[in-house]
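Visitor: Pasting in a structure now, in structure tokens, and then I'll have a few things to ask.
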Amino acid sequence: MAKLKYNRKGRLLFTREMKKDYTILAPMMAPIHFHLMIDVLRNCGYKFELLDTNGPNIVQEGLKYVHNDACYPAVLVIGQFIDALHSGKYDVNKTALVITQTGGGCRASNYIHLLRKALKKAGLEQVPVISLNLSFLERDPGFHVTLPMIRKFIAAMVYGDVLVLLRNQTEAYETEKGETNRKVEKWSKHLTSLFNAGKGLSLTQVKENLHEMVKDFAAIPIQKVPKVKVGIVGEIYVKYSALGNNNLEQFLRDQDCEVNVPGLMNFGLFKVDNRLEDIKLYGGNPLKYFFVNILMNYLVRMQNIMIEAVRSEPRYQPPEPYAHTKSLIKNVIGYGDKMGEGWLLTAEMLELSEQGYENIVCAQPFGCLPNHISGKGMIHRIKAIDPKSNIVPIDYDPSATRVNQENRIKLMLAVAREKLQKETGAGSF
């Protein structure tokens with residue numbers, strides 16, 4: 001066991017010595033993206049493991065150590081960590097945990113403190129917790145976010161977004177069941193091998209790989225038939241996490257729907273753009289603005305490459321550029337609304353409806369006030385702007401039953417199917 005070291009405030013540090021033989025556990029959210037990102041971290045010399053555990057015991061573990069008034073994602077993430085440490089699979093004296101920290105007004109910034117409090121209560125104070133952040137909130141001698149690492153993360157995010165988009169727009173219509181998921185697995189492995197060789201990261205290489213990827217998926221035989229198209233929005237964790245939304249994506253696929261889950265790229269752009277908007281609205285350091293603007297422009301270039309690649313095959317519908325998404329909420333909600341998903345949540349619903357995914361599930365986790373304001377609170381306004389939108393807010397919390405959630409979604413789908421039947425003149429779906 002490495003010698004434990006603390007900073008001046010008494011926080012347990014992740015040291016350079018720990019980097020050699022400690023396993024770092026990361027919570028699951030978006031499987032395709034996170035597997036690629038974990039590969040990036042492993043490539044940087046860290047022993048990372050992504051937790052894919054699920055089940056009711058995780059909720060119960062979370063409720064033991066987190067107050068039930070805390071937001072639902074905090075209960076799940078902390079519950080998944082404690083459940084893993086109690087499983088006997090890991091040496092708790094050689095295990096660390098990592099969690100993202102945005103530094104914003106959302107309570108997600110405080111997950112790390114709730115997690116340390118939970119570890120103390122569980123008698124696991126010797127387990128260090130690493131903050132993965134770009135705001136210089138916490139630093140550890142044994143873990144550093146570097147510019148090459150950020151570059152790899154951005155590439156992984158772009159590849160993940162395109163893989164999810166291609167899967168969702170192909171799988172719903174494939175003639176041979178399972179072929180799309182085999183392509184996803186094939187490309188995930190290929191991208192991992194590229195990352196390990198230090199390849200696939202430059203703008204040119206990303207462009208080439210994305211075009212090849214799109215072409216490969218477009219070769220899958222499909223039968224295009226009318227289907228209900230459903231978009232998923234909400235608080236970022238329950239939007240992507242099957243653990244957080246009771247496997248919502250698979251449920252919708254089982255209902256014979258085409259699913260659209262907006263990618264992580266717009267969320268990344270939104271978070272970086274917020275720093276620029278803060279300086280525009282309230283003033284700030286011009287030097288900071290200069291460097292943040294460089295990152296913003298790099299992300300925009302990456303998104304443009306992604307959109308161009310998807311557009312190269314007429315079969316696929318690409319996401320809209322960030323600037324267009326942002327323009328949709330002008331005079332609808334303020335750009336200063338940036339807590340949690342902020343105005344982006346409203347914009348994603350407007351964009352989905354504009355693209356033909358007017359049937360929308362808005363995933364609302366218990367305890368997420370920003371999400372309820374920018375999500376559920378804006379539904380009436382969105383319907384006034386776009387009357388065809390068919391939005392259902394679904395609450396996810398420890399006491400909500402899956403049956404009730406799915407029944408409410410089925411009511412929304414019944415309306416969608418009736419409309420589709422009238423538009424296509426086909427039989428019942």
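Note on naming: chains are A, B, ... as they come in the structure tokens, residues start from 1 per chain, ligands start from 1 in the order shown.
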Check which residues of segment 37-128 of chain A sit at most 12 Å from segment 393-407 of chain A using only C-alpha atoms, and return one row each with the closest pair of atoms and their distance in Å to one decimal, ordered by chain and rising number, as a tab-separated table.
Guide:
```
residue	atom	partner	partner_atom	distance
A:Pro56	CA	A:Pro398	CA	9.3
A:Asn57	CA	A:Pro398	CA	11.3
A:Ile58	CA	A:Pro398	CA	10.5
A:Val59	CA	A:Pro398	CA	6.8
A:Gln60	CA	A:Pro398	CA	8.6
A:Glu61	CA	A:Pro398	CA	11.4
A:Gly62	CA	A:Pro398	CA	9.7
A:Leu63	CA	A:Pro398	CA	8.5
A:Val66	CA	A:Pro398	CA	11.9
A:His67	CA	A:Pro398	CA	11.6
A:Asn68	CA	A:Pro398	CA	8.4
A:Asp69	CA	A:Asp397	CA	10.2
A:Ala70	CA	A:Asp397	CA	10.2
A:Cys71	CA	A:Asp397	CA	8.3
A:Tyr72	CA	A:Asp397	CA	5.5
A:Pro73	CA	A:Asp397	CA	8.7
A:Ala74	CA	A:Asp397	CA	10.8
A:Val75	CA	A:Pro398	CA	8.6
A:Leu76	CA	A:Pro398	CA	9.2
A:Gly79	CA	A:Pro398	CA	11.7
```
Visitor: Might you pull out every residue within 8 Å of segment 357-366 of chain A, with only C-alpha atoms counted and same-chain residues fewer than 4 positions away left off, and present them as a PyMOL selection string?
Guide: chain A and resi 70-73+228-235+238-239+245+260+349+352-353+371-372+375-376+388-397+409+412-413+416
Visitor: According to DSSP computed on the backbone, where in segment 185-421 of chain A is there alpha helix (DSSP H)? Give the residues as a compact mmCIF listing (two decimals) with N, CA and C atoms, in the first residue's frame.
Guide:
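states_35.txt, written as the output of this step:
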```txt
# COMPACT_ATOMS: atom_id res chain seq x y z
N GLU A 185 -18.91 -2.48 -32.79
CA GLU A 185 -17.84 -3.18 -32.07
C GLU A 185 -16.54 -3.18 -32.89
N LYS A 186 -16.68 -3.40 -34.18
CA LYS A 186 -15.51 -3.42 -35.07
C LYS A 186 -14.79 -2.07 -35.05
N TRP A 187 -15.55 -0.98 -35.18
CA TRP A 187 -14.94 0.34 -35.22
C TRP A 187 -14.41 0.78 -33.86
N SER A 188 -15.06 0.37 -32.80
CA SER A 188 -14.57 0.69 -31.45
C SER A 188 -13.19 0.07 -31.23
N LYS A 189 -13.04 -1.18 -31.65
CA LYS A 189 -11.75 -1.85 -31.51
C LYS A 189 -10.69 -1.21 -32.41
N HIS A 190 -11.11 -0.85 -33.62
CA HIS A 190 -10.16 -0.23 -34.56
C HIS A 190 -9.67 1.11 -34.03
N LEU A 191 -10.58 1.91 -33.50
CA LEU A 191 -10.21 3.22 -32.96
C LEU A 191 -9.29 3.08 -31.75
N THR A 192 -9.55 2.08 -30.93
CA THR A 192 -8.67 1.82 -29.78
C THR A 192 -7.26 1.51 -30.24
N SER A 193 -7.14 0.68 -31.28
CA SER A 193 -5.81 0.34 -31.80
C SER A 193 -5.12 1.57 -32.37
N LEU A 194 -5.89 2.46 -33.00
CA LEU A 194 -5.31 3.69 -33.53
C LEU A 194 -4.81 4.59 -32.40
N PHE A 195 -5.62 4.73 -31.35
CA PHE A 195 -5.22 5.55 -30.20
C PHE A 195 -3.95 5.01 -29.57
N ASN A 196 -3.88 3.70 -29.44
CA ASN A 196 -2.70 3.08 -28.83
C ASN A 196 -1.43 3.32 -29.65
N LEU A 203 -6.75 16.49 -37.35
CA LEU A 203 -7.95 16.85 -38.10
C LEU A 203 -8.06 16.05 -39.39
N THR A 204 -6.94 15.88 -40.08
CA THR A 204 -6.93 15.13 -41.34
C THR A 204 -7.27 13.67 -41.11
N GLN A 205 -6.67 13.06 -40.07
CA GLN A 205 -6.92 11.64 -39.78
C GLN A 205 -8.36 11.43 -39.32
N VAL A 206 -8.87 12.34 -38.50
CA VAL A 206 -10.27 12.24 -38.05
C VAL A 206 -11.20 12.30 -39.25
N LYS A 207 -10.93 13.21 -40.17
CA LYS A 207 -11.77 13.36 -41.37
C LYS A 207 -11.77 12.08 -42.19
N GLU A 208 -10.58 11.51 -42.42
CA GLU A 208 -10.47 10.28 -43.21
C GLU A 208 -11.20 9.12 -42.54
N ASN A 209 -11.00 8.97 -41.22
CA ASN A 209 -11.63 7.87 -40.50
C ASN A 209 -13.14 8.00 -40.47
N LEU A 210 -13.65 9.22 -40.28
CA LEU A 210 -15.10 9.42 -40.22
C LEU A 210 -15.75 9.11 -41.57
N HIS A 211 -15.12 9.54 -42.66
CA HIS A 211 -15.68 9.25 -43.98
C HIS A 211 -15.69 7.74 -44.26
N GLU A 212 -14.63 7.07 -43.84
CA GLU A 212 -14.56 5.62 -44.01
C GLU A 212 -15.61 4.92 -43.15
N MET A 213 -15.79 5.43 -41.94
CA MET A 213 -16.77 4.87 -41.02
C MET A 213 -18.19 5.01 -41.58
N VAL A 214 -18.52 6.19 -42.05
CA VAL A 214 -19.86 6.44 -42.60
C VAL A 214 -20.11 5.56 -43.82
N LYS A 215 -19.12 5.45 -44.67
CA LYS A 215 -19.24 4.60 -45.87
C LYS A 215 -19.47 3.14 -45.48
N ASP A 216 -18.78 2.67 -44.45
CA ASP A 216 -18.90 1.28 -44.01
C ASP A 216 -20.30 1.00 -43.47
N PHE A 217 -20.84 1.92 -42.67
CA PHE A 217 -22.20 1.72 -42.13
C PHE A 217 -23.25 1.83 -43.24
N ALA A 218 -22.98 2.69 -44.22
CA ALA A 218 -23.94 2.86 -45.32
C ALA A 218 -24.04 1.62 -46.19
N ILE A 236 -27.67 15.39 -18.36
CA ILE A 236 -26.71 14.63 -19.15
C ILE A 236 -26.56 13.18 -18.69
N TYR A 237 -26.60 12.92 -17.40
CA TYR A 237 -26.40 11.55 -16.92
C TYR A 237 -27.60 10.67 -17.28
N VAL A 238 -28.81 11.10 -16.92
CA VAL A 238 -29.97 10.25 -17.21
C VAL A 238 -30.30 10.25 -18.70
N LYS A 239 -29.80 11.21 -19.43
CA LYS A 239 -29.99 11.22 -20.88
C LYS A 239 -29.25 10.06 -21.54
N TYR A 240 -28.03 9.79 -21.07
CA TYR A 240 -27.18 8.77 -21.71
C TYR A 240 -27.11 7.45 -20.95
N LEU A 248 -33.69 3.30 -21.31
CA LEU A 248 -34.69 3.98 -22.14
C LEU A 248 -34.49 3.75 -23.64
N GLU A 249 -33.23 3.84 -24.10
CA GLU A 249 -32.98 3.66 -25.54
C GLU A 249 -33.44 2.29 -26.02
N GLN A 250 -33.10 1.25 -25.26
CA GLN A 250 -33.49 -0.10 -25.66
C GLN A 250 -35.01 -0.26 -25.61
N PHE A 251 -35.64 0.35 -24.62
CA PHE A 251 -37.11 0.29 -24.54
C PHE A 251 -37.74 0.88 -25.80
N LEU A 252 -37.22 2.03 -26.25
CA LEU A 252 -37.77 2.67 -27.44
C LEU A 252 -37.50 1.84 -28.69
N ARG A 253 -36.34 1.19 -28.75
CA ARG A 253 -36.06 0.30 -29.89
C ARG A 253 -37.03 -0.88 -29.88
N ASP A 254 -37.30 -1.40 -28.70
CA ASP A 254 -38.25 -2.52 -28.59
C ASP A 254 -39.66 -2.10 -29.01
N LEU A 264 -22.45 14.32 -27.58
CA LEU A 264 -21.72 15.05 -26.54
C LEU A 264 -21.04 16.30 -27.08
N MET A 265 -20.84 16.38 -28.38
CA MET A 265 -20.10 17.51 -28.94
C MET A 265 -20.76 18.84 -28.63
N ASN A 266 -22.08 18.92 -28.82
CA ASN A 266 -22.76 20.18 -28.52
C ASN A 266 -22.66 20.54 -27.05
N PHE A 267 -22.67 19.54 -26.17
CA PHE A 267 -22.53 19.81 -24.74
C PHE A 267 -21.13 20.37 -24.46
N GLY A 268 -20.11 19.79 -25.11
CA GLY A 268 -18.75 20.30 -24.96
C GLY A 268 -18.63 21.72 -25.46
N LEU A 269 -19.21 22.00 -26.63
CA LEU A 269 -19.20 23.35 -27.17
C LEU A 269 -19.94 24.32 -26.26
N PHE A 270 -21.05 23.86 -25.72
CA PHE A 270 -21.87 24.67 -24.80
C PHE A 270 -21.06 25.06 -23.57
N LYS A 271 -20.33 24.11 -22.99
CA LYS A 271 -19.55 24.39 -21.78
C LYS A 271 -18.42 25.37 -22.06
N VAL A 272 -17.75 25.21 -23.21
CA VAL A 272 -16.66 26.13 -23.56
C VAL A 272 -17.23 27.50 -23.91
N ASP A 273 -18.32 27.51 -24.68
CA ASP A 273 -18.96 28.77 -25.09
C ASP A 273 -19.44 29.57 -23.88
N ASN A 274 -19.85 28.87 -22.82
CA ASN A 274 -20.30 29.55 -21.61
C ASN A 274 -19.22 30.45 -21.03
N ARG A 275 -17.96 29.98 -21.11
CA ARG A 275 -16.85 30.80 -20.60
C ARG A 275 -16.74 32.09 -21.40
N LEU A 276 -16.95 31.99 -22.72
CA LEU A 276 -16.90 33.18 -23.56
C LEU A 276 -18.09 34.11 -23.29
N GLU A 277 -19.28 33.52 -23.11
CA GLU A 277 -20.47 34.32 -22.83
C GLU A 277 -20.34 35.04 -21.49
N ASP A 278 -19.74 34.37 -20.49
CA ASP A 278 -19.54 35.00 -19.18
C ASP A 278 -18.73 36.28 -19.32
N ILE A 279 -17.66 36.20 -20.12
CA ILE A 279 -16.80 37.37 -20.30
C ILE A 279 -17.54 38.47 -21.07
N LYS A 280 -18.35 38.06 -22.06
CA LYS A 280 -19.13 39.05 -22.82
C LYS A 280 -20.18 39.73 -21.93
N LEU A 281 -20.82 38.94 -21.06
CA LEU A 281 -21.90 39.47 -20.23
C LEU A 281 -21.40 40.24 -19.02
N TYR A 282 -20.35 39.72 -18.38
CA TYR A 282 -19.94 40.25 -17.09
C TYR A 282 -18.52 40.83 -17.07
N PRO A 286 -9.06 39.22 -20.70
CA PRO A 286 -8.94 39.08 -22.16
C PRO A 286 -8.04 37.91 -22.57
N LEU A 287 -7.01 37.63 -21.76
CA LEU A 287 -6.11 36.52 -22.08
C LEU A 287 -6.85 35.18 -21.98
N LYS A 288 -7.68 35.06 -20.96
CA LYS A 288 -8.50 33.85 -20.81
C LYS A 288 -9.43 33.70 -22.01
N TYR A 289 -10.05 34.80 -22.42
CA TYR A 289 -10.94 34.78 -23.57
C TYR A 289 -10.21 34.30 -24.82
N PHE A 290 -8.97 34.76 -25.00
CA PHE A 290 -8.17 34.40 -26.16
C PHE A 290 -7.95 32.89 -26.24
N PHE A 291 -7.52 32.29 -25.12
CA PHE A 291 -7.22 30.85 -25.12
C PHE A 291 -8.48 29.99 -25.19
N VAL A 292 -9.54 30.43 -24.50
CA VAL A 292 -10.81 29.69 -24.57
C VAL A 292 -11.36 29.74 -25.99
N ASN A 293 -11.18 30.87 -26.65
CA ASN A 293 -11.67 31.03 -28.01
C ASN A 293 -10.93 30.11 -28.99
N ILE A 294 -9.64 29.87 -28.73
CA ILE A 294 -8.87 28.92 -29.55
C ILE A 294 -9.47 27.52 -29.42
N LEU A 295 -9.78 27.12 -28.18
CA LEU A 295 -10.40 25.80 -27.95
C LEU A 295 -11.76 25.73 -28.62
N MET A 296 -12.53 26.81 -28.54
CA MET A 296 -13.86 26.86 -29.15
C MET A 296 -13.75 26.67 -30.66
N ASN A 297 -12.83 27.35 -31.28
CA ASN A 297 -12.66 27.25 -32.74
C ASN A 297 -12.23 25.84 -33.15
N TYR A 298 -11.40 25.21 -32.32
CA TYR A 298 -10.96 23.83 -32.61
C TYR A 298 -12.15 22.87 -32.55
N LEU A 299 -12.99 23.04 -31.55
CA LEU A 299 -14.18 22.19 -31.42
C LEU A 299 -15.13 22.40 -32.59
N VAL A 300 -15.29 23.64 -33.00
CA VAL A 300 -16.17 23.93 -34.14
C VAL A 300 -15.64 23.28 -35.41
N ARG A 301 -14.33 23.33 -35.61
CA ARG A 301 -13.73 22.68 -36.79
C ARG A 301 -13.97 21.17 -36.74
N MET A 302 -13.83 20.59 -35.56
CA MET A 302 -14.08 19.15 -35.40
C MET A 302 -15.54 18.83 -35.72
N GLN A 303 -16.45 19.66 -35.24
CA GLN A 303 -17.86 19.41 -35.50
C GLN A 303 -18.18 19.54 -36.99
N ASN A 304 -17.57 20.51 -37.65
CA ASN A 304 -17.79 20.67 -39.09
C ASN A 304 -17.31 19.46 -39.88
N ILE A 305 -16.18 18.90 -39.45
CA ILE A 305 -15.66 17.68 -40.08
C ILE A 305 -16.64 16.52 -39.89
N MET A 306 -17.19 16.43 -38.68
CA MET A 306 -18.16 15.38 -38.37
C MET A 306 -19.42 15.53 -39.21
N ILE A 307 -19.95 16.73 -39.32
CA ILE A 307 -21.16 16.98 -40.10
C ILE A 307 -20.93 16.68 -41.58
N GLU A 308 -19.78 17.10 -42.08
CA GLU A 308 -19.44 16.86 -43.49
C GLU A 308 -19.36 15.36 -43.78
N ALA A 309 -18.78 14.59 -42.87
CA ALA A 309 -18.65 13.15 -43.06
C ALA A 309 -20.02 12.47 -43.09
N VAL A 310 -20.89 12.82 -42.15
CA VAL A 310 -22.23 12.21 -42.09
C VAL A 310 -23.04 12.60 -43.33
N ARG A 311 -22.87 13.83 -43.78
CA ARG A 311 -23.62 14.32 -44.94
C ARG A 311 -23.16 13.67 -46.23
N TYR A 322 -23.36 23.86 -34.23
CA TYR A 322 -23.64 24.46 -32.93
C TYR A 322 -24.24 25.86 -33.06
N ALA A 323 -23.74 26.64 -33.99
CA ALA A 323 -24.23 28.01 -34.16
C ALA A 323 -25.73 28.01 -34.49
N HIS A 324 -26.18 27.04 -35.28
CA HIS A 324 -27.61 26.96 -35.61
C HIS A 324 -28.41 26.55 -34.38
N THR A 325 -27.90 25.56 -33.65
CA THR A 325 -28.58 25.12 -32.42
C THR A 325 -28.74 26.29 -31.46
N LYS A 326 -27.68 27.07 -31.32
CA LYS A 326 -27.71 28.23 -30.42
C LYS A 326 -28.70 29.28 -30.89
N SER A 327 -28.82 29.45 -32.20
CA SER A 327 -29.72 30.48 -32.75
C SER A 327 -31.20 30.16 -32.49
N GLY A 342 -28.72 24.00 -19.02
CA GLY A 342 -29.11 25.37 -19.37
C GLY A 342 -29.93 25.47 -20.64
N TRP A 343 -29.65 26.54 -21.41
CA TRP A 343 -30.43 26.78 -22.63
C TRP A 343 -30.25 25.68 -23.67
N LEU A 344 -29.15 24.91 -23.58
CA LEU A 344 -28.91 23.85 -24.56
C LEU A 344 -30.03 22.81 -24.55
N LEU A 345 -30.60 22.55 -23.38
CA LEU A 345 -31.68 21.57 -23.27
C LEU A 345 -32.90 22.03 -24.07
N THR A 346 -33.25 23.30 -23.94
CA THR A 346 -34.35 23.86 -24.72
C THR A 346 -34.03 23.82 -26.21
N ALA A 347 -32.79 24.19 -26.56
CA ALA A 347 -32.38 24.22 -27.96
C ALA A 347 -32.41 22.83 -28.59
N GLU A 348 -31.99 21.81 -27.83
CA GLU A 348 -31.99 20.45 -28.38
C GLU A 348 -33.40 19.98 -28.70
N MET A 349 -34.38 20.35 -27.88
CA MET A 349 -35.76 19.97 -28.16
C MET A 349 -36.26 20.65 -29.42
N LEU A 350 -35.93 21.93 -29.59
CA LEU A 350 -36.33 22.65 -30.80
C LEU A 350 -35.65 22.06 -32.03
N GLU A 351 -34.37 21.71 -31.89
CA GLU A 351 -33.62 21.15 -33.02
C GLU A 351 -34.16 19.77 -33.41
N LEU A 352 -34.43 18.93 -32.42
CA LEU A 352 -34.97 17.60 -32.71
C LEU A 352 -36.30 17.70 -33.46
N SER A 353 -37.16 18.57 -32.99
CA SER A 353 -38.46 18.74 -33.64
C SER A 353 -38.29 19.25 -35.06
N GLU A 354 -37.35 20.16 -35.26
CA GLU A 354 -37.06 20.71 -36.57
C GLU A 354 -36.56 19.62 -37.53
N LEU A 369 -32.92 21.00 -10.34
CA LEU A 369 -33.73 22.19 -10.57
C LEU A 369 -33.45 22.83 -11.93
N PRO A 370 -32.17 22.99 -12.36
CA PRO A 370 -31.93 23.58 -13.69
C PRO A 370 -32.61 22.80 -14.81
N ASN A 371 -32.60 21.46 -14.70
CA ASN A 371 -33.21 20.63 -15.74
C ASN A 371 -34.72 20.83 -15.78
N HIS A 372 -35.34 20.98 -14.62
CA HIS A 372 -36.79 21.16 -14.59
C HIS A 372 -37.19 22.52 -15.16
N ILE A 373 -36.35 23.52 -15.00
CA ILE A 373 -36.64 24.85 -15.54
C ILE A 373 -36.43 24.88 -17.04
N SER A 374 -35.25 24.43 -17.50
CA SER A 374 -34.89 24.50 -18.92
C SER A 374 -35.50 23.37 -19.73
N ILE A 379 -41.48 23.39 -22.01
CA ILE A 379 -42.28 22.59 -22.95
C ILE A 379 -43.44 23.40 -23.53
N HIS A 380 -44.14 24.15 -22.69
CA HIS A 380 -45.27 24.95 -23.18
C HIS A 380 -44.80 25.96 -24.21
N ARG A 381 -43.66 26.60 -23.97
CA ARG A 381 -43.11 27.59 -24.92
C ARG A 381 -42.70 26.93 -26.22
N ILE A 382 -42.09 25.74 -26.13
CA ILE A 382 -41.66 25.03 -27.33
C ILE A 382 -42.87 24.64 -28.18
N LYS A 383 -43.93 24.17 -27.54
CA LYS A 383 -45.13 23.79 -28.28
C LYS A 383 -45.79 24.99 -28.95
N ALA A 384 -45.66 26.17 -28.33
CA ALA A 384 -46.19 27.39 -28.94
C ALA A 384 -45.40 27.74 -30.19
N ILE A 385 -44.09 27.50 -30.17
CA ILE A 385 -43.22 27.77 -31.32
C ILE A 385 -43.41 26.71 -32.40
N ARG A 402 -40.58 1.79 -12.82
CA ARG A 402 -40.29 1.66 -14.24
C ARG A 402 -41.58 1.50 -15.05
N VAL A 403 -42.53 0.78 -14.51
CA VAL A 403 -43.80 0.54 -15.22
C VAL A 403 -44.51 1.87 -15.48
N ASN A 404 -44.55 2.74 -14.49
CA ASN A 404 -45.21 4.03 -14.64
C ASN A 404 -44.50 4.89 -15.68
N GLN A 405 -43.16 4.87 -15.65
CA GLN A 405 -42.38 5.63 -16.63
C GLN A 405 -42.66 5.15 -18.05
N GLU A 406 -42.63 3.84 -18.24
CA GLU A 406 -42.83 3.27 -19.58
C GLU A 406 -44.26 3.46 -20.06
N ASN A 407 -45.24 3.42 -19.16
CA ASN A 407 -46.63 3.64 -19.55
C ASN A 407 -46.84 5.06 -20.05
N ARG A 408 -46.19 6.03 -19.40
CA ARG A 408 -46.30 7.42 -19.84
C ARG A 408 -45.66 7.61 -21.22
N ILE A 409 -44.55 6.92 -21.45
CA ILE A 409 -43.90 6.99 -22.76
C ILE A 409 -44.79 6.33 -23.82
N LYS A 410 -45.43 5.23 -23.47
CA LYS A 410 -46.32 4.55 -24.41
C LYS A 410 -47.50 5.44 -24.82
N LEU A 411 -47.99 6.26 -23.90
CA LEU A 411 -49.06 7.19 -24.24
C LEU A 411 -48.58 8.21 -25.27
N MET A 412 -47.35 8.70 -25.09
CA MET A 412 -46.77 9.62 -26.07
C MET A 412 -46.61 8.94 -27.42
N LEU A 413 -46.16 7.67 -27.40
CA LEU A 413 -45.96 6.92 -28.65
C LEU A 413 -47.29 6.63 -29.35
N ALA A 414 -48.35 6.45 -28.58
CA ALA A 414 -49.67 6.20 -29.17
C ALA A 414 -50.11 7.40 -30.00
N VAL A 415 -49.88 8.59 -29.47
CA VAL A 415 -50.19 9.82 -30.21
C VAL A 415 -49.32 9.90 -31.47
N ALA A 416 -48.03 9.56 -31.33
CA ALA A 416 -47.10 9.62 -32.46
C ALA A 416 -47.49 8.62 -33.55
N ARG A 417 -47.90 7.42 -33.16
CA ARG A 417 -48.28 6.40 -34.14
C ARG A 417 -49.55 6.80 -34.89
N GLU A 418 -50.49 7.39 -34.17
CA GLU A 418 -51.73 7.82 -34.81
C GLU A 418 -51.44 8.90 -35.86
N LYS A 419 -50.54 9.81 -35.52
CA LYS A 419 -50.16 10.86 -36.47
C LYS A 419 -49.42 10.28 -37.67
N LEU A 420 -48.50 9.33 -37.41
CA LEU A 420 -47.75 8.69 -38.49
C LEU A 420 -48.68 7.94 -39.43
N GLN A 421 -49.69 7.29 -38.88
CA GLN A 421 -50.64 6.53 -39.68
C GLN A 421 -51.42 7.46 -40.61
```
Visitor: Can you list, as an MDAnalysis selection string, every protein, DNA or RNA residue that comes within 10 Å of Arg16 of chain A when you count only C-alpha atoms, leaving out same-chain residues fewer than 6 positions away?
Guide: chainID A and resid 2 140:143
Visitor: Give me every strand (DSSP E) residue in segment 130-310 of chain A, going by DSSP on the backbone, as a PDB file with N, CA and C atoms, in the first residue's frame.
Guide:
```pdb
ATOM      1  N   ILE A 130     -10.145  11.353  -7.479  1.00  0.00           N
ATOM      2  CA  ILE A 130      -9.512  12.265  -8.436  1.00  0.00           C
ATOM      3  C   ILE A 130     -10.586  13.107  -9.114  1.00  0.00           C
ATOM      4  N   SER A 131     -10.347  14.414  -9.190  1.00  0.00           N
ATOM      5  CA  SER A 131     -11.251  15.312  -9.892  1.00  0.00           C
ATOM      6  C   SER A 131     -10.777  15.481 -11.331  1.00  0.00           C
ATOM      7  N   LEU A 132     -11.642  15.118 -12.285  1.00  0.00           N
ATOM      8  CA  LEU A 132     -11.336  15.314 -13.704  1.00  0.00           C
ATOM      9  C   LEU A 132     -12.001  16.613 -14.133  1.00  0.00           C
ATOM     10  N   VAL A 228     -41.898   5.611 -36.065  1.00  0.00           N
ATOM     11  CA  VAL A 228     -41.962   6.736 -35.140  1.00  0.00           C
ATOM     12  C   VAL A 228     -40.537   7.123 -34.760  1.00  0.00           C
ATOM     13  N   LYS A 229     -40.231   8.405 -34.902  1.00  0.00           N
ATOM     14  CA  LYS A 229     -38.904   8.900 -34.553  1.00  0.00           C
ATOM     15  C   LYS A 229     -38.972   9.602 -33.201  1.00  0.00           C
ATOM     16  N   VAL A 230     -38.079   9.195 -32.297  1.00  0.00           N
ATOM     17  CA  VAL A 230     -38.109   9.717 -30.924  1.00  0.00           C
ATOM     18  C   VAL A 230     -36.743  10.268 -30.540  1.00  0.00           C
ATOM     19  N   GLY A 231     -36.725  11.483 -30.017  1.00  0.00           N
ATOM     20  CA  GLY A 231     -35.504  12.080 -29.500  1.00  0.00           C
ATOM     21  C   GLY A 231     -35.462  11.976 -27.981  1.00  0.00           C
ATOM     22  N   ILE A 232     -34.259  11.896 -27.442  1.00  0.00           N
ATOM     23  CA  ILE A 232     -34.076  11.852 -25.983  1.00  0.00           C
ATOM     24  C   ILE A 232     -33.220  13.045 -25.558  1.00  0.00           C
ATOM     25  N   VAL A 233     -33.738  13.817 -24.627  1.00  0.00           N
ATOM     26  CA  VAL A 233     -32.987  14.933 -24.054  1.00  0.00           C
ATOM     27  C   VAL A 233     -33.074  14.831 -22.524  1.00  0.00           C
ATOM     28  N   GLY A 234     -32.405  15.759 -21.848  1.00  0.00           N
ATOM     29  CA  GLY A 234     -32.505  15.777 -20.393  1.00  0.00           C
ATOM     30  C   GLY A 234     -31.176  16.049 -19.726  1.00  0.00           C
ATOM     31  N   CYS A 257     -39.081   2.014 -32.630  1.00  0.00           N
ATOM     32  CA  CYS A 257     -38.850   3.426 -32.919  1.00  0.00           C
ATOM     33  C   CYS A 257     -37.423   3.641 -33.420  1.00  0.00           C
ATOM     34  N   GLU A 258     -37.231   4.703 -34.177  1.00  0.00           N
ATOM     35  CA  GLU A 258     -35.879   5.184 -34.472  1.00  0.00           C
ATOM     36  C   GLU A 258     -35.534   6.218 -33.401  1.00  0.00           C
ATOM     37  N   VAL A 259     -34.416   6.030 -32.754  1.00  0.00           N
ATOM     38  CA  VAL A 259     -34.038   6.871 -31.619  1.00  0.00           C
ATOM     39  C   VAL A 259     -32.963   7.873 -32.034  1.00  0.00           C
ATOM     40  N   ASN A 260     -33.055   9.076 -31.518  1.00  0.00           N
ATOM     41  CA  ASN A 260     -32.033  10.102 -31.738  1.00  0.00           C
ATOM     42  C   ASN A 260     -31.630  10.673 -30.385  1.00  0.00           C
TER      43      ASN A 260
END
```
Visitor: Write out as a list in words which residues come within 7 Å of Met28 of chain A when counting only C-alpha atoms, dropping same-chain ones fewer than 5 positions away.
Guide: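 In the requested format, the answer is Leu50, Leu51 and Asp52 of chain A.
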Visitor: Between A:Leu25, A:Leu124, A:Met378, A:Val162, single out the one closest to Gln317 of chain A, counting only C-alpha atoms.
Guide: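 Of all the options, A:Val162 lies closest to Gln317 of chain A.
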